[in-house]
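Here's final27.cif, which has mmCIF, C-alpha atoms and all ligand atoms:
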```cif
data_final
loop_
_atom_site.label_atom_id
_atom_site.label_comp_id
_atom_site.auth_asym_id
_atom_site.auth_seq_id
_atom_site.Cartn_x
_atom_site.Cartn_y
_atom_site.Cartn_z
CA MET A 1 166.68 122.91 130.68
CA PRO A 2 163.18 123.91 129.54
CA GLN A 3 162.26 127.56 129.85
CA ASP A 4 159.92 128.50 132.71
CA VAL A 5 156.31 128.91 131.68
CA THR A 6 154.78 132.29 132.59
CA ILE A 7 151.97 132.49 135.15
CA HIS A 8 149.57 135.45 135.35
CA PRO A 9 147.12 136.09 138.21
CA LEU A 10 143.60 137.07 137.06
CA ALA A 11 141.44 138.88 139.64
CA SER A 12 137.65 139.09 139.47
CA PRO A 13 135.51 141.10 141.89
CA TRP A 14 132.89 139.47 144.14
CA GLY A 15 131.33 141.59 146.91
CA ARG A 16 133.95 142.26 149.58
CA PHE A 17 136.36 139.75 147.96
CA HIS A 18 138.58 139.50 144.96
CA LEU A 19 138.61 136.01 143.51
CA TYR A 20 141.90 134.86 142.04
CA SER A 21 142.43 132.60 139.06
CA PHE A 22 145.77 131.93 137.39
CA PHE A 23 146.63 131.64 133.73
CA ILE A 24 149.42 129.20 132.81
CA ASP A 25 150.78 130.36 129.47
CA ALA A 26 151.53 126.86 128.11
CA PRO A 27 151.11 125.54 124.53
CA GLU A 28 147.77 124.20 125.84
CA PRO A 29 146.91 127.18 128.07
CA ALA A 30 145.35 126.47 131.47
CA ILE A 31 143.33 128.44 133.98
CA VAL A 32 143.50 127.40 137.63
CA ASP A 33 140.14 128.08 139.36
CA THR A 34 137.33 130.05 137.80
CA GLY A 35 135.76 132.45 140.31
CA ILE A 36 131.97 132.75 140.05
CA ALA A 37 129.56 132.77 137.11
CA SER A 38 130.42 136.31 136.05
CA SER A 39 134.21 136.01 136.45
CA PRO A 40 135.19 134.60 133.01
CA ALA A 41 133.33 137.36 131.13
CA GLU A 42 133.96 140.22 133.58
CA GLY A 43 137.46 139.58 134.92
CA MET A 44 139.37 136.98 132.92
CA ASP A 45 138.50 137.90 129.34
CA ALA A 46 139.85 141.46 129.55
CA ALA A 47 142.86 140.46 131.66
CA LEU A 48 143.85 137.86 129.04
CA GLN A 49 143.35 140.29 126.16
CA ALA A 50 145.63 142.74 127.95
CA ILE A 51 148.47 140.19 127.76
CA GLY A 52 147.68 139.21 124.16
CA ARG A 53 145.95 135.93 124.94
CA ARG A 54 142.42 134.75 124.14
CA ILE A 55 140.06 133.08 126.55
CA GLY A 56 138.79 130.87 123.70
CA ASP A 57 142.25 129.28 123.43
CA VAL A 58 142.20 127.93 126.99
CA ARG A 59 142.47 124.12 126.90
CA TRP A 60 142.55 123.20 130.59
CA ILE A 61 140.39 124.29 133.52
CA LEU A 62 142.16 123.06 136.65
CA LEU A 63 139.98 123.28 139.77
CA THR A 64 141.70 123.19 143.16
CA HIS A 65 138.47 122.25 144.98
CA GLY A 66 134.69 122.40 144.78
CA HIS A 67 133.82 125.59 146.67
CA ILE A 68 131.44 127.97 144.95
CA ASP A 69 133.97 130.80 144.49
CA HIS A 70 136.39 128.45 142.69
CA ILE A 71 134.06 126.38 140.47
CA GLY A 72 131.26 128.90 139.85
CA GLY A 73 132.70 130.11 136.55
CA ALA A 74 133.75 126.67 135.22
CA TYR A 75 130.72 126.04 133.02
CA ALA A 76 130.77 129.57 131.57
CA LEU A 77 134.52 129.39 130.90
CA ALA A 78 134.21 125.98 129.23
CA GLU A 79 131.45 127.42 127.00
CA MET A 80 133.72 130.34 126.03
CA THR A 81 136.25 127.78 124.71
CA GLY A 82 133.57 126.07 122.63
CA GLY A 83 133.72 123.12 124.98
CA ARG A 84 137.35 122.44 124.06
CA ALA A 85 138.80 123.01 127.55
CA LYS A 86 139.15 119.90 129.68
CA VAL A 87 137.79 120.43 133.21
CA ALA A 88 139.67 118.63 136.00
CA ILE A 89 138.64 118.24 139.66
CA HIS A 90 139.34 115.68 142.40
CA GLU A 91 136.71 112.94 142.54
CA ALA A 92 135.90 113.73 146.19
CA ASP A 93 134.76 117.28 145.26
CA ALA A 94 133.25 116.46 141.85
CA HIS A 95 129.67 116.41 143.21
CA LEU A 96 130.05 120.15 143.87
CA LEU A 97 130.64 120.69 140.14
CA ARG A 98 127.83 118.34 139.11
CA SER A 99 125.14 119.79 141.34
CA ARG A 100 124.16 123.16 142.75
CA GLU A 101 122.09 121.38 145.36
CA ALA A 102 125.29 119.74 146.72
CA HIS A 103 126.34 123.19 147.97
CA VAL A 104 123.04 123.58 149.83
CA GLN A 105 123.52 120.11 151.31
CA LEU A 106 127.03 121.02 152.49
CA TYR A 107 125.48 123.90 154.42
CA VAL A 108 122.69 121.75 155.85
CA ASP A 109 125.13 119.01 156.93
CA VAL A 110 127.50 121.27 158.86
CA ARG A 111 126.83 124.98 159.34
CA GLN A 112 123.04 124.98 159.63
CA GLN A 113 123.10 123.28 163.05
CA TYR A 114 125.15 126.19 164.45
CA LEU A 115 123.78 129.17 162.52
CA LYS A 116 120.07 128.46 163.03
CA ASP A 117 119.00 131.08 160.50
CA PRO A 118 115.52 130.05 159.28
CA ASP A 119 116.10 131.77 155.92
CA ALA A 120 119.55 130.33 155.31
CA VAL A 121 118.67 127.32 153.17
CA ARG A 122 116.63 129.48 150.80
CA HIS A 123 119.50 131.97 150.73
CA GLN A 124 122.07 129.22 150.03
CA ARG A 125 119.94 127.90 147.17
CA SER A 126 119.54 131.33 145.57
CA THR A 127 123.29 131.98 145.88
CA ALA A 128 124.09 128.64 144.23
CA ASP A 129 121.64 129.42 141.40
CA ARG A 130 123.14 132.85 140.86
CA VAL A 131 126.89 132.29 141.17
CA ILE A 132 127.31 128.81 139.67
CA SER A 133 127.18 129.21 135.91
CA GLY A 134 126.07 125.64 135.21
CA GLU A 135 126.15 122.06 136.42
CA MET A 136 128.61 119.85 134.57
CA GLU A 137 130.38 116.53 134.49
CA PRO A 138 134.18 116.98 134.70
CA LEU A 139 136.17 115.41 131.88
CA VAL A 140 139.13 114.56 134.11
CA LEU A 141 138.44 113.06 137.55
CA LEU A 142 141.56 113.31 139.70
CA GLN A 143 142.78 111.22 142.62
CA GLY A 144 146.21 112.81 143.09
CA GLY A 145 149.43 111.44 141.63
CA GLU A 146 148.59 112.27 138.00
CA THR A 147 150.76 114.27 135.62
CA LEU A 148 148.93 116.38 133.04
CA SER A 149 150.65 117.48 129.84
CA LEU A 150 149.94 121.09 128.83
CA GLY A 151 151.73 120.61 125.50
CA GLY A 152 155.42 120.98 124.65
CA ASP A 153 157.45 120.12 127.73
CA VAL A 154 155.02 121.74 130.21
CA ARG A 155 153.81 119.22 132.77
CA VAL A 156 151.62 119.77 135.81
CA SER A 157 151.56 117.21 138.61
CA VAL A 158 148.51 116.76 140.84
CA HIS A 159 148.85 116.41 144.62
CA HIS A 160 145.94 115.53 146.91
CA VAL A 161 145.97 118.05 149.80
CA ALA A 162 142.73 117.23 151.62
CA GLY A 163 141.57 119.10 154.71
CA HIS A 164 140.02 122.38 153.58
CA THR A 165 137.75 120.05 151.59
CA ALA A 166 138.02 116.30 151.01
CA GLY A 167 138.91 116.83 147.36
CA SER A 168 141.39 119.73 147.59
CA VAL A 169 144.39 119.37 145.26
CA ALA A 170 147.56 121.34 144.59
CA TYR A 171 148.81 121.64 141.02
CA MET A 172 152.57 121.91 140.54
CA VAL A 173 154.27 123.07 137.34
CA ASP A 174 157.06 120.51 137.27
CA GLY A 175 160.63 121.72 136.84
CA GLN A 176 159.90 125.20 138.22
CA ASP A 177 158.16 124.05 141.43
CA ALA A 178 155.37 126.60 141.09
CA VAL A 179 152.46 125.32 143.19
CA PHE A 180 148.80 126.39 143.11
CA THR A 181 147.24 125.60 146.47
CA GLY A 182 143.70 127.01 146.17
CA ASP A 183 142.46 127.23 149.78
CA ALA A 184 144.60 124.38 151.17
CA VAL A 185 146.89 126.89 152.93
CA GLN A 186 144.71 129.08 155.16
CA ILE A 187 147.14 130.92 157.47
CA HIS A 188 144.59 133.08 159.42
CA GLY A 189 141.87 132.70 156.82
CA ALA A 190 140.71 135.31 154.34
CA ALA A 191 137.98 137.89 154.99
CA ASN A 192 136.66 136.09 158.11
CA HIS A 193 140.08 136.02 159.83
CA PHE A 194 139.68 132.39 160.83
CA PRO A 195 141.13 129.36 159.02
CA GLY A 196 138.51 127.06 157.47
CA TYR A 197 138.98 123.31 157.13
CA GLU A 198 136.67 120.31 157.33
CA ASP A 199 139.22 117.74 158.50
CA PRO A 200 141.90 119.01 160.92
CA ASP A 201 144.21 115.97 160.70
CA ALA A 202 144.14 115.93 156.90
CA TYR A 203 144.69 119.71 156.80
CA ARG A 204 147.80 119.33 158.98
CA ALA A 205 149.19 116.43 156.96
CA SER A 206 148.69 118.38 153.72
CA LEU A 207 150.51 121.44 155.09
CA GLU A 208 153.43 119.23 156.16
CA HIS A 209 153.49 117.58 152.73
CA LEU A 210 153.62 120.99 151.04
CA ARG A 211 156.33 122.27 153.40
CA ASP A 212 158.56 119.18 153.49
CA VAL A 213 157.99 117.36 150.19
CA LEU A 214 156.75 119.79 147.52
CA ARG A 215 158.77 122.77 148.88
CA PRO A 216 157.32 125.38 146.47
CA GLN A 217 159.67 127.88 144.86
CA ARG A 218 156.56 129.92 144.06
CA MET A 219 153.21 129.41 145.76
CA TYR A 220 149.91 130.78 144.43
CA LEU A 221 147.00 131.17 146.88
CA GLY A 222 143.28 131.32 146.19
CA HIS A 223 142.79 134.41 148.38
CA PRO A 224 145.09 137.04 149.88
CA PHE A 225 145.30 135.48 153.35
CA ARG A 226 146.56 137.44 156.34
CA THR A 227 149.61 137.36 158.59
CA THR A 228 149.47 137.37 162.41
CA GLU A 229 149.68 141.17 162.23
CA GLY A 230 146.57 141.21 160.02
CA VAL A 231 148.51 142.27 156.91
CA ALA A 232 147.18 140.72 153.70
CA HIS A 233 149.66 138.53 151.86
CA GLY A 234 149.65 138.85 148.12
CA VAL A 235 148.50 135.74 146.27
CA GLU A 236 151.99 135.08 144.79
CA LEU A 237 154.60 134.03 147.33
CA ASP A 238 158.31 133.35 146.79
CA ALA A 239 160.05 130.35 148.39
CA ASP A 240 160.72 132.06 151.74
CA GLN A 241 157.22 133.52 151.97
CA ALA A 242 155.74 130.15 151.04
CA HIS A 243 157.71 128.37 153.75
CA ALA A 244 156.67 131.02 156.30
CA ALA A 245 153.00 130.78 155.27
CA LEU A 246 153.05 126.98 155.60
CA GLN A 247 154.77 127.12 159.00
CA GLU A 248 152.39 129.80 160.23
CA SER A 249 149.39 127.76 159.05
CA LEU A 250 150.71 124.78 161.04
CA ASP A 251 151.30 126.92 164.15
CA ILE A 252 147.80 128.39 163.95
CA GLU A 253 146.27 124.93 163.50
CA SER A 254 148.08 123.82 166.69
CA ARG A 255 146.61 126.71 168.66
CA VAL A 256 143.11 126.21 167.27
CA ARG A 257 143.37 122.46 167.98
CA ALA A 258 144.40 123.02 171.61
CA ALA A 259 141.52 125.46 172.20
CA ALA A 260 139.02 123.21 170.44
CA LEU A 261 140.06 120.12 172.39
CA ARG A 262 139.85 121.94 175.73
CA THR A 263 136.42 123.29 174.80
CA LEU A 264 135.14 119.91 173.62
CA ALA A 265 136.55 117.99 176.61
CA ASP A 266 133.30 118.60 178.52
CA GLY A 267 131.16 118.39 175.38
CA PRO A 268 129.93 121.41 173.38
CA GLN A 269 128.34 124.07 175.63
CA GLU A 270 125.09 125.63 174.40
CA THR A 271 125.00 129.31 175.41
CA ASP A 272 123.46 132.46 173.92
CA SER A 273 126.85 133.47 172.48
CA ALA A 274 127.07 133.83 168.68
CA TYR A 275 129.99 131.33 168.92
CA SER A 276 127.89 128.73 170.77
CA PRO A 277 128.55 125.88 171.41
CA PHE A 278 132.25 126.72 171.00
CA ALA A 279 132.31 130.09 172.81
CA ARG A 280 135.17 129.05 175.12
CA ALA A 281 137.42 128.34 172.15
CA ALA A 282 136.63 131.73 170.59
CA VAL A 283 137.49 133.50 173.87
CA GLU A 284 140.69 131.51 174.32
CA LEU A 285 141.79 132.28 170.74
CA GLY A 286 140.77 135.93 171.01
CA TYR A 287 138.57 135.47 167.93
CA GLU A 288 136.17 138.39 167.63
CA GLY A 289 135.14 138.08 163.98
CA ASP A 290 131.48 137.59 163.06
CA PRO A 291 131.15 133.78 163.06
CA THR A 292 127.94 133.91 161.03
CA LEU A 293 129.47 135.69 158.04
CA GLU A 294 129.64 133.37 155.03
CA PRO A 295 131.38 131.00 154.61
CA SER A 296 131.51 130.72 158.45
CA PRO A 297 134.94 129.07 158.72
CA PHE A 298 134.77 129.18 162.55
CA PHE A 299 131.90 126.68 162.60
CA THR A 300 133.23 124.52 159.75
CA THR A 301 136.56 124.16 161.54
CA MET A 302 135.16 123.62 165.05
CA HIS A 303 132.77 121.04 163.64
CA GLY A 304 135.82 119.34 162.12
CA TYR A 305 137.42 118.88 165.56
CA ARG A 306 134.10 117.72 167.00
CA THR A 307 133.78 115.09 164.25
CA MET A 308 137.41 114.04 164.74
CA LEU A 309 136.80 113.44 168.46
CA SER A 310 133.53 111.58 167.99
CA SER A 311 135.01 109.28 165.36
CA ALA A 312 138.02 108.55 167.65
CA SER A 313 135.84 107.50 170.59
ZN ZN A 401 137.45 126.98 149.65
#
```
Starting from the coordinates I provided, produce the structure as structure tokens.
Ligand SMILES: [Zn+2]
Amino acid sequence: MPQDVTIHPLASPWGRFHLYSFFIDAPEPAIVDTGIASSPAEGMDAALQAIGRRIGDVRWILLTHGHIDHIGGAYALAEMTGGRAKVAIHEADAHLLRSREAHVQLYVDVRQQYLKDPDAVRHQRSTADRVISGEMEPLVLLQGGETLSLGGDVRVSVHHVAGHTAGSVAYMVDGQDAVFTGDAVQIHGAANHFPGYEDPDAYRASLEHLRDVLRPQRMYLGHPFRTTEGVAHGVELDADQAHAALQESLDIESRVRAAALRTLADGPQETDSAYSPFARAAVELGYEGDPTLEPSPFFTTMHGYRTMLSSAS
């Protein structure tokens, strides 16, 4: 029986958030997710030194998905390893690593039509310039189903868990069933208190796959999500907490789906509400968060149900 590999959370500050990366202390050490441009130098380097490890020895950069707060530090981190770390991302999110402009386009394609802020595109572009450390081609393009060797007998399997984004993956340290889910498990969402996902059906199927097939003994989240009572979960969950978080995420998706479908039954309703054209769903769900606050998960998710309905008809 191989000995369990040790996993350390690494927190880096960003505005009102902490961004979480994880260090897998394998013969070929790995970091899961990279925060933003400043995170490798400001958060990770010191945290690794404190446990007697060196950032330059990292050999794998495993990205759970393409969002800015997960890939922003990838280029800088790869540079700190002298280019020796292999960067892995799912092929469906790889454009977000290759191009800053892809993040602006993501905003234009979905959120812009609801937020109507004339300055937003300029703001999105300046954020992408500032918090993404560089554009790069990933060395390992994932599809899900791969097993990566981190040296010795440490193996990490890759599971496609689309929904939050098309190219979201979970990484599982085989043999100890430790699973890194990035943002694929939203519960109530992070700072915005609303779960964010682009594709509701895929999000649901991924949660069921995690709950019923992968059954994590330890689950590592990209953000400290919240319980129904508003209490922040830590980012490291044991088996019972993981099961509860997956079940709660499924229950919340059911409620959001019901409200969204009732709201969309008569078509989206343009009003002067900040939640327009989905104000009825916000009222029904009792959602009182600021829907315009980045990354605006309310609109991303509602747009997901709207797209689902229009592609079914
Ligand atoms: Zn995300």
One number please: atom CA of A:Gly15 to atom CA of A:His67, in Å, one decimal.
16.2 Å
Can you tell me which residues surround A:Thr300 at a distance of at most 6 Å, considering all atoms listed in the file, apart from same-chain residues fewer than 3 positions away, and format the answer as a list in words?
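So, after excluding close chain neighbours, the residues are Glu198, Pro297 and His303 of chain A.
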To check your reading of the model: which residues sit at most 8 Å from ligand ZN 401 (chain A) when counting all atoms listed in the file? Write the answer as a ChimeraX atom specification.
/A:65-70,164-165,182-184,196
Which residue, A:Tyr171, A:Phe17, A:Phe180, A:Tyr75, has the smallest gap to A:Pro40 when you use all atoms listed in the file?
A:Tyr75
Produce a table with one row for each residue of stretch 68-148 of chain A that has an atom at most 8 Å from any atom of stretch 23-38 of chain A, each row naming the nearest atom pair and its distance in Å at one decimal; use only C-alpha atoms; arrange rows by chain and rising residue number; format as a Markdown table.
```
| residue | atom | partner | partner_atom | distance |
| --- | --- | --- | --- | --- |
| A:Ile68 | CA | A:Ile36 | CA | 6.9 |
| A:Asp69 | CA | A:Gly35 | CA | 4.8 |
| A:His70 | CA | A:Gly35 | CA | 4.7 |
| A:Ile71 | CA | A:Thr34 | CA | 5.6 |
| A:Gly72 | CA | A:Ile36 | CA | 3.9 |
| A:Gly73 | CA | A:Ala37 | CA | 4.2 |
| A:Ala74 | CA | A:Thr34 | CA | 5.6 |
| A:Tyr75 | CA | A:Ala37 | CA | 8.0 |
| A:Ala76 | CA | A:Ala37 | CA | 6.5 |
| A:Leu77 | CA | A:Thr34 | CA | 7.5 |
| A:Arg130 | CA | A:Ala37 | CA | 7.4 |
| A:Val131 | CA | A:Ala37 | CA | 4.9 |
| A:Ile132 | CA | A:Ala37 | CA | 5.2 |
| A:Ser133 | CA | A:Ala37 | CA | 4.4 |
```
Show which residues sit within 8 Å of A:Asp238, as a ChimeraX atom specification. Count all atoms listed in the file, and ignore same-chain residues fewer than 6 positions away.
/A:217-219
Can you tell me which residues surround A:Tyr305 at a distance of at most 7 Å, considering only C-alpha atoms, apart from same-chain residues fewer than 3 positions away, and format the answer as JSON, numbers by chain?
{"A": [200, 260, 301, 302, 308, 309]}
Could you turn the residues from that selection into a file that holds C-alpha atoms, as a JSON list (two decimals), keeping the file's coordinate frame?
```json
[["chain", "number", "residue", "atom", "x", "y", "z"],
["A", 200, "PRO", "CA", 141.90, 119.01, 160.92],
["A", 260, "ALA", "CA", 139.02, 123.21, 170.44],
["A", 301, "THR", "CA", 136.56, 124.16, 161.54],
["A", 302, "MET", "CA", 135.16, 123.62, 165.05],
["A", 308, "MET", "CA", 137.41, 114.04, 164.74],
["A", 309, "LEU", "CA", 136.80, 113.44, 168.46]]
```
Please indicate the distance in Å from atom CA of A:Ser168 to atom CA of A:Tyr20, rounded to one decimal place.
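Result for atom CA of A:Ser168 versus atom CA of A:Tyr20: 16.1 Å, one decimal.
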Of the listed residues A:Leu115, A:Ala128, A:Leu207, A:Leu150, that which approaches A:Asp272 most closely, counting all atoms listed in the file:
A:Leu115
Mind pulling up the distance from atom CA of A:Arg306 to atom CA of A:Ala120?
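Result for atom CA of A:Ala120 versus atom CA of A:Arg306: 22.5 Å, one decimal.
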Leaving out A:Glu101 and any residue of its chain fewer than 5 positions from it, which residues lie within 9 Å of it when counting all atoms listed in the file, given as a tab-separated table (two decimals) with C-alpha atoms, in the coordinates of the input?
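As a result, selection32.tsv now contains:
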```
chain	number	residue	atom	x	y	z
A	96	LEU	CA	130.05	120.15	143.87
A	106	LEU	CA	127.03	121.02	152.49
A	125	ARG	CA	119.94	127.90	147.17
A	128	ALA	CA	124.09	128.64	144.23
A	129	ASP	CA	121.64	129.42	141.40
```
